[in-house]
Amino acid sequence: MRKGVILFIVTTILVLGFAVQHVWILISLLLVDGREDAISRAELPAPNSGAISERPQLIPKIIHQTYINASIPAHWKGPQQTCLDLHPDYEYKLWTDKKSREFIATEYPWFLETFDGYDYPIQRADAIRYFVLHHFGGIYIDLDDGCNRSLDPLLAYPAWVRRTTPTGISNDAMGAIPRHPFFLKAIDSLPDYNRGWILPYITVMASTGPLYLSVIWRHYNNGNPVDNDRVRILFPDEYNHHPWSFFTHHMGNSWHRNDVKLIFWMGQHWVLITFAGFVMGFALLFCIYSTCIRPRQTNSPKRSAVSRIPFYRRISSKDVEIDDRHQV
């Protein structure tokens with residue numbers, strides 16, 4: 001095998017290995033669903049069960065929500081009120097843009113430059129929820145999530161987040177004790193993931209949103225945290241759709257732009273896009289091989305007519321010529 005071919009194969013393997021290494025966490029999100037940390041419906045007391053009061057309450061009774069200011073839109077006041085009505089003994093904290101910045105400036109000044117530098121307000125709304133959970137503990141709930149039953153059973157877990165589809169976890173409903181190591185990692189990693197991508201939706205998702213939190217979750221679990229530090233997972237059935245579920249979901253996505261339609265289309269056709277990507281990748285490798293590695297045909301002189309005659313026929317012809325000369 002020619003040295004050029006060997007070099008090409010080795011280079012291709014290294015490039016593919018480098019690429020897989022950098023996206024392995026994203027690939028693993030397609031394979032890992034968090035079942036090993038699921039909050040089982042069997043371990044949760046029924047909504048009106050007396051067993052609720054027997055469970056430990058590790059997470060403080062605080063509900064956190066975020067909005068631009070204190071004027072909540074009418075279509076979110078209903079969901080907000082359900083949480084207030086079901087939890088009269090909980091402290092309620094609404095983090096407006098002004099309060100959020102003041103809190104970061106006072107308690108986490110090292111993050112203020114990144115916080116102010118975000119291109120989209122939703123990035124600040126995402127980030128502040130990680131910081132307040134780390135600092136105060138409690139339960140964070142998006143304004144488009146209403147409460148369907150008391151959240152007291154969820155206070156028994158040091159940290160929990162919600163499983164989302166098709167992959168990863170969401171940041172719209174989650175809870176933790178103060179200073180939980182998972183949320184410490186979440187806030188500590190934010191500056192490293194503050195990168196701009198082509199589409200606003202991807203930028204938000206990957207820098208502060210659910211995709212970011214999902215990546216941090218995978219890195220965190222790869223460190224094999226002890227049992228008390230593991231993050232428990234609330235699955236879709238326990239999240240909503242049933243009388244015994246904890247939440248109801250309402251109209252939201254107020255920050256979505258037109259680029260979201262493209263992302264959702266890509267999500268619906270990810271198999272086709274993946275196949276097309278592999279085809280294009282291998283086509284590119286073939287072009288590189290054909291152009292740079294495979295030897296080109298040189299314009300060598302054409303072989304003479306004699307050289308194209310089979311060897312045994314050339315020998316026979318020479319014998320005939322010799323005989324003819326001897327006869328002259």
# chains A, B, ... in the order shown; residues from 1 in each chain; ligands from 1
call {"tool": "select_by_dssp", "arguments": {"residues": "region 122-265 of chain A", "states": "strand (DSSP E or B)", "output": "compact mmCIF listing (two decimals) with all heavy atoms, in the first residue's frame"}}
result
# COMPACT_ATOMS: atom_id res chain seq x y z
N GLY A 138 -34.63 25.86 46.65
CA GLY A 138 -36.04 26.05 46.35
C GLY A 138 -36.43 25.39 45.04
O GLY A 138 -35.70 24.51 44.53
N ILE A 139 -37.55 25.81 44.50
CA ILE A 139 -38.07 25.26 43.24
C ILE A 139 -38.27 26.39 42.24
O ILE A 139 -38.93 27.38 42.55
CB ILE A 139 -39.40 24.51 43.47
CG1 ILE A 139 -39.16 23.28 44.37
CG2 ILE A 139 -40.02 24.07 42.14
CD1 ILE A 139 -40.43 22.53 44.72
N TYR A 140 -37.69 26.22 41.07
CA TYR A 140 -37.91 27.19 39.99
C TYR A 140 -39.01 26.66 39.08
O TYR A 140 -39.02 25.47 38.72
CB TYR A 140 -36.64 27.43 39.17
CG TYR A 140 -36.95 28.26 37.95
CD1 TYR A 140 -37.03 29.64 38.05
CD2 TYR A 140 -37.26 27.65 36.73
CE1 TYR A 140 -37.40 30.41 36.95
CE2 TYR A 140 -37.63 28.41 35.63
CZ TYR A 140 -37.70 29.79 35.75
OH TYR A 140 -38.08 30.54 34.68
N ILE A 141 -39.93 27.56 38.67
CA ILE A 141 -41.03 27.19 37.77
C ILE A 141 -41.18 28.28 36.71
O ILE A 141 -41.32 29.46 37.05
CB ILE A 141 -42.36 27.03 38.53
CG1 ILE A 141 -42.20 26.12 39.74
CG2 ILE A 141 -43.45 26.51 37.61
CD1 ILE A 141 -43.42 26.10 40.65
N ASP A 145 -45.79 27.36 33.25
CA ASP A 145 -46.11 26.12 33.97
C ASP A 145 -46.99 26.45 35.16
O ASP A 145 -46.64 27.29 36.00
CB ASP A 145 -44.84 25.44 34.47
CG ASP A 145 -44.12 24.68 33.37
OD1 ASP A 145 -44.80 24.19 32.46
OD2 ASP A 145 -42.88 24.58 33.43
N GLY A 146 -48.13 25.80 35.25
CA GLY A 146 -48.98 25.92 36.43
C GLY A 146 -48.78 24.74 37.35
O GLY A 146 -48.19 23.72 36.98
N CYS A 147 -49.28 24.85 38.58
CA CYS A 147 -49.17 23.76 39.55
C CYS A 147 -50.48 22.99 39.61
O CYS A 147 -51.56 23.60 39.73
CB CYS A 147 -48.82 24.33 40.94
SG CYS A 147 -47.19 25.10 41.00
N ALA A 159 -31.82 17.37 44.69
CA ALA A 159 -31.88 18.10 43.41
C ALA A 159 -32.67 17.28 42.41
O ALA A 159 -32.55 16.05 42.37
CB ALA A 159 -30.49 18.39 42.87
N TRP A 160 -33.49 17.96 41.62
CA TRP A 160 -34.24 17.28 40.57
C TRP A 160 -34.45 18.23 39.39
O TRP A 160 -34.49 19.45 39.55
CB TRP A 160 -35.58 16.74 41.07
CG TRP A 160 -36.51 17.79 41.64
CD1 TRP A 160 -36.60 18.18 42.93
CD2 TRP A 160 -37.47 18.57 40.90
NE1 TRP A 160 -37.55 19.17 43.06
CE2 TRP A 160 -38.11 19.41 41.84
CE3 TRP A 160 -37.86 18.62 39.57
CZ2 TRP A 160 -39.11 20.33 41.47
CZ3 TRP A 160 -38.85 19.53 39.20
CH2 TRP A 160 -39.47 20.36 40.14
N VAL A 161 -34.57 17.64 38.22
CA VAL A 161 -34.85 18.38 36.99
C VAL A 161 -35.87 17.57 36.20
O VAL A 161 -36.20 16.45 36.57
CB VAL A 161 -33.58 18.62 36.14
CG1 VAL A 161 -32.62 19.58 36.83
CG2 VAL A 161 -32.89 17.30 35.84
N ARG A 162 -36.32 18.12 35.11
CA ARG A 162 -37.36 17.47 34.31
C ARG A 162 -36.79 16.87 33.03
O ARG A 162 -36.03 17.53 32.33
CB ARG A 162 -38.47 18.47 33.96
CG ARG A 162 -39.60 17.86 33.15
CD ARG A 162 -40.70 18.87 32.91
NE ARG A 162 -40.41 19.83 31.87
CZ ARG A 162 -40.57 19.61 30.56
NH1 ARG A 162 -40.98 18.43 30.15
NH2 ARG A 162 -40.32 20.55 29.68
N ARG A 163 -37.16 15.64 32.75
CA ARG A 163 -36.79 14.99 31.49
C ARG A 163 -37.62 15.58 30.36
O ARG A 163 -38.82 15.83 30.50
CB ARG A 163 -37.08 13.48 31.59
CG ARG A 163 -36.78 12.69 30.32
CD ARG A 163 -35.31 12.44 30.17
NE ARG A 163 -35.05 11.42 29.15
CZ ARG A 163 -34.90 11.67 27.85
NH1 ARG A 163 -35.02 12.91 27.40
NH2 ARG A 163 -34.64 10.70 27.01
N ILE A 169 -32.54 17.12 29.36
CA ILE A 169 -33.37 17.63 30.44
C ILE A 169 -33.75 19.07 30.13
O ILE A 169 -33.13 19.74 29.29
CB ILE A 169 -32.64 17.56 31.79
CG1 ILE A 169 -31.32 18.36 31.75
CG2 ILE A 169 -32.37 16.10 32.18
CD1 ILE A 169 -30.58 18.42 33.07
N SER A 170 -34.77 19.56 30.82
CA SER A 170 -35.23 20.93 30.62
C SER A 170 -34.90 21.77 31.85
O SER A 170 -34.55 21.25 32.91
CB SER A 170 -36.74 20.94 30.37
OG SER A 170 -37.19 22.26 30.11
N ASN A 171 -35.02 23.07 31.69
CA ASN A 171 -34.76 23.98 32.82
C ASN A 171 -36.00 24.77 33.20
O ASN A 171 -35.89 25.82 33.83
CB ASN A 171 -33.60 24.92 32.49
CG ASN A 171 -33.92 25.88 31.35
OD1 ASN A 171 -34.97 25.80 30.71
ND2 ASN A 171 -33.01 26.81 31.09
N ASP A 172 -37.19 24.29 32.81
CA ASP A 172 -38.41 25.05 33.10
C ASP A 172 -39.02 24.72 34.45
O ASP A 172 -39.82 25.50 34.97
CB ASP A 172 -39.44 24.85 31.99
CG ASP A 172 -39.83 23.40 31.80
OD1 ASP A 172 -39.18 22.53 32.39
OD2 ASP A 172 -40.78 23.13 31.04
N ALA A 173 -38.66 23.57 35.03
CA ALA A 173 -39.11 23.21 36.37
C ALA A 173 -38.00 22.38 37.00
O ALA A 173 -37.63 21.33 36.46
CB ALA A 173 -40.41 22.43 36.32
N MET A 174 -37.47 22.83 38.12
CA MET A 174 -36.36 22.13 38.77
C MET A 174 -36.23 22.62 40.20
O MET A 174 -36.69 23.71 40.55
CB MET A 174 -35.05 22.35 38.00
CG MET A 174 -34.75 23.80 37.68
SD MET A 174 -33.39 23.97 36.50
CE MET A 174 -33.40 25.76 36.27
N GLY A 175 -35.63 21.80 41.02
CA GLY A 175 -35.49 22.15 42.43
C GLY A 175 -34.16 21.67 42.98
O GLY A 175 -33.53 20.76 42.44
N ALA A 176 -33.73 22.28 44.10
CA ALA A 176 -32.45 21.90 44.70
C ALA A 176 -32.33 22.49 46.09
O ALA A 176 -32.99 23.48 46.44
CB ALA A 176 -31.28 22.38 43.84
N ARG A 232 -32.00 13.80 40.55
CA ARG A 232 -33.14 12.95 40.23
C ARG A 232 -33.92 13.55 39.06
O ARG A 232 -33.91 14.77 38.84
CB ARG A 232 -34.05 12.78 41.45
CG ARG A 232 -33.35 12.16 42.65
CD ARG A 232 -32.86 10.75 42.37
NE ARG A 232 -33.94 9.84 42.06
CZ ARG A 232 -34.64 9.15 42.97
NH1 ARG A 232 -34.36 9.29 44.26
NH2 ARG A 232 -35.61 8.33 42.60
N ILE A 233 -34.60 12.67 38.32
CA ILE A 233 -35.24 13.07 37.07
C ILE A 233 -36.75 12.89 37.17
O ILE A 233 -37.23 11.79 37.48
CB ILE A 233 -34.70 12.26 35.88
CG1 ILE A 233 -33.17 12.30 35.84
CG2 ILE A 233 -35.29 12.78 34.57
CD1 ILE A 233 -32.59 13.68 35.66
N LEU A 234 -37.49 13.96 36.89
CA LEU A 234 -38.95 13.92 36.84
C LEU A 234 -39.36 13.64 35.40
O LEU A 234 -39.10 14.44 34.50
CB LEU A 234 -39.54 15.24 37.32
CG LEU A 234 -41.05 15.28 37.55
CD1 LEU A 234 -41.43 14.45 38.78
CD2 LEU A 234 -41.52 16.73 37.73
N PHE A 247 -47.52 19.33 37.42
CA PHE A 247 -47.62 20.60 36.71
C PHE A 247 -48.64 20.53 35.57
O PHE A 247 -49.01 19.45 35.11
CB PHE A 247 -46.25 21.01 36.15
CG PHE A 247 -45.19 21.20 37.19
CD1 PHE A 247 -44.30 20.18 37.49
CD2 PHE A 247 -45.08 22.40 37.88
CE1 PHE A 247 -43.31 20.35 38.44
CE2 PHE A 247 -44.11 22.58 38.84
CZ PHE A 247 -43.22 21.55 39.12
N THR A 248 -49.04 21.70 35.13
CA THR A 248 -49.79 21.87 33.88
C THR A 248 -48.99 22.80 32.99
O THR A 248 -48.28 23.68 33.49
CB THR A 248 -51.18 22.46 34.14
OG1 THR A 248 -51.03 23.73 34.81
CG2 THR A 248 -52.02 21.53 34.99
N HIS A 249 -49.09 22.59 31.69
CA HIS A 249 -48.30 23.42 30.78
C HIS A 249 -49.24 24.30 29.95
O HIS A 249 -50.27 23.86 29.48
CB HIS A 249 -47.45 22.56 29.85
CG HIS A 249 -46.47 23.36 29.05
ND1 HIS A 249 -45.39 24.01 29.62
CD2 HIS A 249 -46.41 23.61 27.72
CE1 HIS A 249 -44.71 24.63 28.67
NE2 HIS A 249 -45.31 24.41 27.51
call {"tool": "closest_residue", "arguments": {"among": "A:Ser100, A:Asn48, A:Ser207, A:Ser214", "to": "Arg149 (chain A)", "atoms": "only C-alpha atoms"}}
result
A:Asn48
call {"tool": "select_by_dssp", "arguments": {"residues": "region 8-228 of chain A", "states": "alpha helix (DSSP H)", "output": "ChimeraX atom specification"}}
result
/A:8-31,74-86,97-107,112-117,121-136,181-189,200-207,210-222
call {"tool": "atom_distance", "arguments": {"atom1": "CA of Val231 (chain A)", "atom2": "CA of Pro153 (chain A)"}}
result
15.4 Å
call {"tool": "closest_residue", "arguments": {"among": "A:Ile52, A:Leu94, A:Ala206, A:Ile62", "to": "Gly137 (chain A)", "atoms": "only C-alpha atoms"}}
result
A:Ile62
call {"tool": "residues_around", "arguments": {"residues": "region 106-122 of chain A", "least_positions_apart": "5", "cutoff": "12 Å", "atoms": "only C-alpha atoms", "output": "count of residues only"}}
result
47
call {"tool": "residues_around", "arguments": {"residues": "Ser53 (chain A)", "least_positions_apart": "2", "cutoff": "12 Å", "atoms": "only C-alpha atoms", "output": "list of chain:residue names"}}
result
A:Leu44, A:Pro45, A:Ala46, A:Pro47, A:Asn48, A:Ser49, A:Gly50, A:Ala51, A:Arg55, A:Pro56, A:Gln57, A:Ser150, A:Leu151, A:Asp152, A:Pro153, A:Leu154, A:Leu155, A:Ala156
call {"tool": "write_last_selection", "arguments": {"atoms": "N, CA, C and O atoms", "output": "PDB file, in the first residue's frame"}}
result
ATOM      1  N   LEU A  44     -43.835   8.160  44.907  1.00  0.00           N
ATOM      2  CA  LEU A  44     -44.465   9.447  45.186  1.00  0.00           C
ATOM      3  C   LEU A  44     -45.821   9.247  45.868  1.00  0.00           C
ATOM      4  O   LEU A  44     -46.660   8.497  45.362  1.00  0.00           O
ATOM      5  N   PRO A  45     -46.052   9.905  46.986  1.00  0.00           N
ATOM      6  CA  PRO A  45     -47.377   9.812  47.618  1.00  0.00           C
ATOM      7  C   PRO A  45     -48.457  10.403  46.707  1.00  0.00           C
ATOM      8  O   PRO A  45     -48.194  11.297  45.900  1.00  0.00           O
ATOM      9  N   ALA A  46     -49.657   9.894  46.816  1.00  0.00           N
ATOM     10  CA  ALA A  46     -50.787  10.438  46.055  1.00  0.00           C
ATOM     11  C   ALA A  46     -51.044  11.880  46.487  1.00  0.00           C
ATOM     12  O   ALA A  46     -50.638  12.304  47.584  1.00  0.00           O
ATOM     13  N   PRO A  47     -51.714  12.659  45.625  1.00  0.00           N
ATOM     14  CA  PRO A  47     -51.906  14.087  45.928  1.00  0.00           C
ATOM     15  C   PRO A  47     -52.496  14.373  47.307  1.00  0.00           C
ATOM     16  O   PRO A  47     -52.124  15.369  47.932  1.00  0.00           O
ATOM     17  N   ASN A  48     -53.390  13.562  47.786  1.00  0.00           N
ATOM     18  CA  ASN A  48     -54.032  13.830  49.083  1.00  0.00           C
ATOM     19  C   ASN A  48     -53.636  12.812  50.155  1.00  0.00           C
ATOM     20  O   ASN A  48     -54.328  12.666  51.161  1.00  0.00           O
ATOM     21  N   SER A  49     -52.529  12.144  49.942  1.00  0.00           N
ATOM     22  CA  SER A  49     -52.094  11.119  50.883  1.00  0.00           C
ATOM     23  C   SER A  49     -51.491  11.735  52.148  1.00  0.00           C
ATOM     24  O   SER A  49     -50.781  12.753  52.096  1.00  0.00           O
ATOM     25  N   GLY A  50     -51.747  11.088  53.276  1.00  0.00           N
ATOM     26  CA  GLY A  50     -51.138  11.533  54.523  1.00  0.00           C
ATOM     27  C   GLY A  50     -49.668  11.221  54.592  1.00  0.00           C
ATOM     28  O   GLY A  50     -48.949  11.761  55.452  1.00  0.00           O
ATOM     29  N   ALA A  51     -49.166  10.387  53.668  1.00  0.00           N
ATOM     30  CA  ALA A  51     -47.747  10.046  53.664  1.00  0.00           C
ATOM     31  C   ALA A  51     -46.863  11.212  53.235  1.00  0.00           C
ATOM     32  O   ALA A  51     -45.648  11.174  53.444  1.00  0.00           O
ATOM     33  N   ARG A  55     -42.558  12.447  54.660  1.00  0.00           N
ATOM     34  CA  ARG A  55     -41.338  12.499  53.860  1.00  0.00           C
ATOM     35  C   ARG A  55     -40.435  13.624  54.339  1.00  0.00           C
ATOM     36  O   ARG A  55     -40.912  14.669  54.819  1.00  0.00           O
ATOM     37  N   PRO A  56     -39.118  13.455  54.205  1.00  0.00           N
ATOM     38  CA  PRO A  56     -38.202  14.545  54.590  1.00  0.00           C
ATOM     39  C   PRO A  56     -38.375  15.738  53.660  1.00  0.00           C
ATOM     40  O   PRO A  56     -38.749  15.586  52.492  1.00  0.00           O
ATOM     41  N   GLN A  57     -38.112  16.930  54.168  1.00  0.00           N
ATOM     42  CA  GLN A  57     -38.192  18.148  53.361  1.00  0.00           C
ATOM     43  C   GLN A  57     -36.807  18.794  53.348  1.00  0.00           C
ATOM     44  O   GLN A  57     -36.457  19.581  54.218  1.00  0.00           O
ATOM     45  N   SER A 150     -49.747  19.915  45.218  1.00  0.00           N
ATOM     46  CA  SER A 150     -48.682  20.402  46.088  1.00  0.00           C
ATOM     47  C   SER A 150     -47.338  19.813  45.666  1.00  0.00           C
ATOM     48  O   SER A 150     -47.232  18.629  45.306  1.00  0.00           O
ATOM     49  N   LEU A 151     -46.308  20.635  45.719  1.00  0.00           N
ATOM     50  CA  LEU A 151     -44.963  20.209  45.352  1.00  0.00           C
ATOM     51  C   LEU A 151     -44.195  19.624  46.534  1.00  0.00           C
ATOM     52  O   LEU A 151     -43.018  19.271  46.388  1.00  0.00           O
ATOM     53  N   ASP A 152     -44.836  19.479  47.673  1.00  0.00           N
ATOM     54  CA  ASP A 152     -44.146  19.002  48.876  1.00  0.00           C
ATOM     55  C   ASP A 152     -43.402  17.682  48.668  1.00  0.00           C
ATOM     56  O   ASP A 152     -42.285  17.524  49.180  1.00  0.00           O
ATOM     57  N   PRO A 153     -43.967  16.685  47.940  1.00  0.00           N
ATOM     58  CA  PRO A 153     -43.211  15.439  47.756  1.00  0.00           C
ATOM     59  C   PRO A 153     -41.862  15.631  47.072  1.00  0.00           C
ATOM     60  O   PRO A 153     -40.937  14.839  47.282  1.00  0.00           O
ATOM     61  N   LEU A 154     -41.740  16.674  46.249  1.00  0.00           N
ATOM     62  CA  LEU A 154     -40.481  16.909  45.535  1.00  0.00           C
ATOM     63  C   LEU A 154     -39.422  17.561  46.411  1.00  0.00           C
ATOM     64  O   LEU A 154     -38.259  17.673  46.003  1.00  0.00           O
ATOM     65  N   LEU A 155     -39.805  17.983  47.613  1.00  0.00           N
ATOM     66  CA  LEU A 155     -38.836  18.576  48.538  1.00  0.00           C
ATOM     67  C   LEU A 155     -37.925  17.521  49.143  1.00  0.00           C
ATOM     68  O   LEU A 155     -36.925  17.861  49.776  1.00  0.00           O
ATOM     69  N   ALA A 156     -38.250  16.255  48.951  1.00  0.00           N
ATOM     70  CA  ALA A 156     -37.476  15.178  49.574  1.00  0.00           C
ATOM     71  C   ALA A 156     -36.200  14.847  48.805  1.00  0.00           C
ATOM     72  O   ALA A 156     -35.377  14.062  49.292  1.00  0.00           O
TER      73      ALA A 156
END
call {"tool": "residues_around", "arguments": {"residues": "His250 (chain A)", "least_positions_apart": "6", "cutoff": "12 Å", "atoms": "only C-alpha atoms", "output": "list in words"}}
result
His75, Trp76, Lys77, Gly78, Pro79, Gln80, Asp142, Leu143, Asp144, Asp145, Gly146, Cys147, Asn240 and His241 of chain A
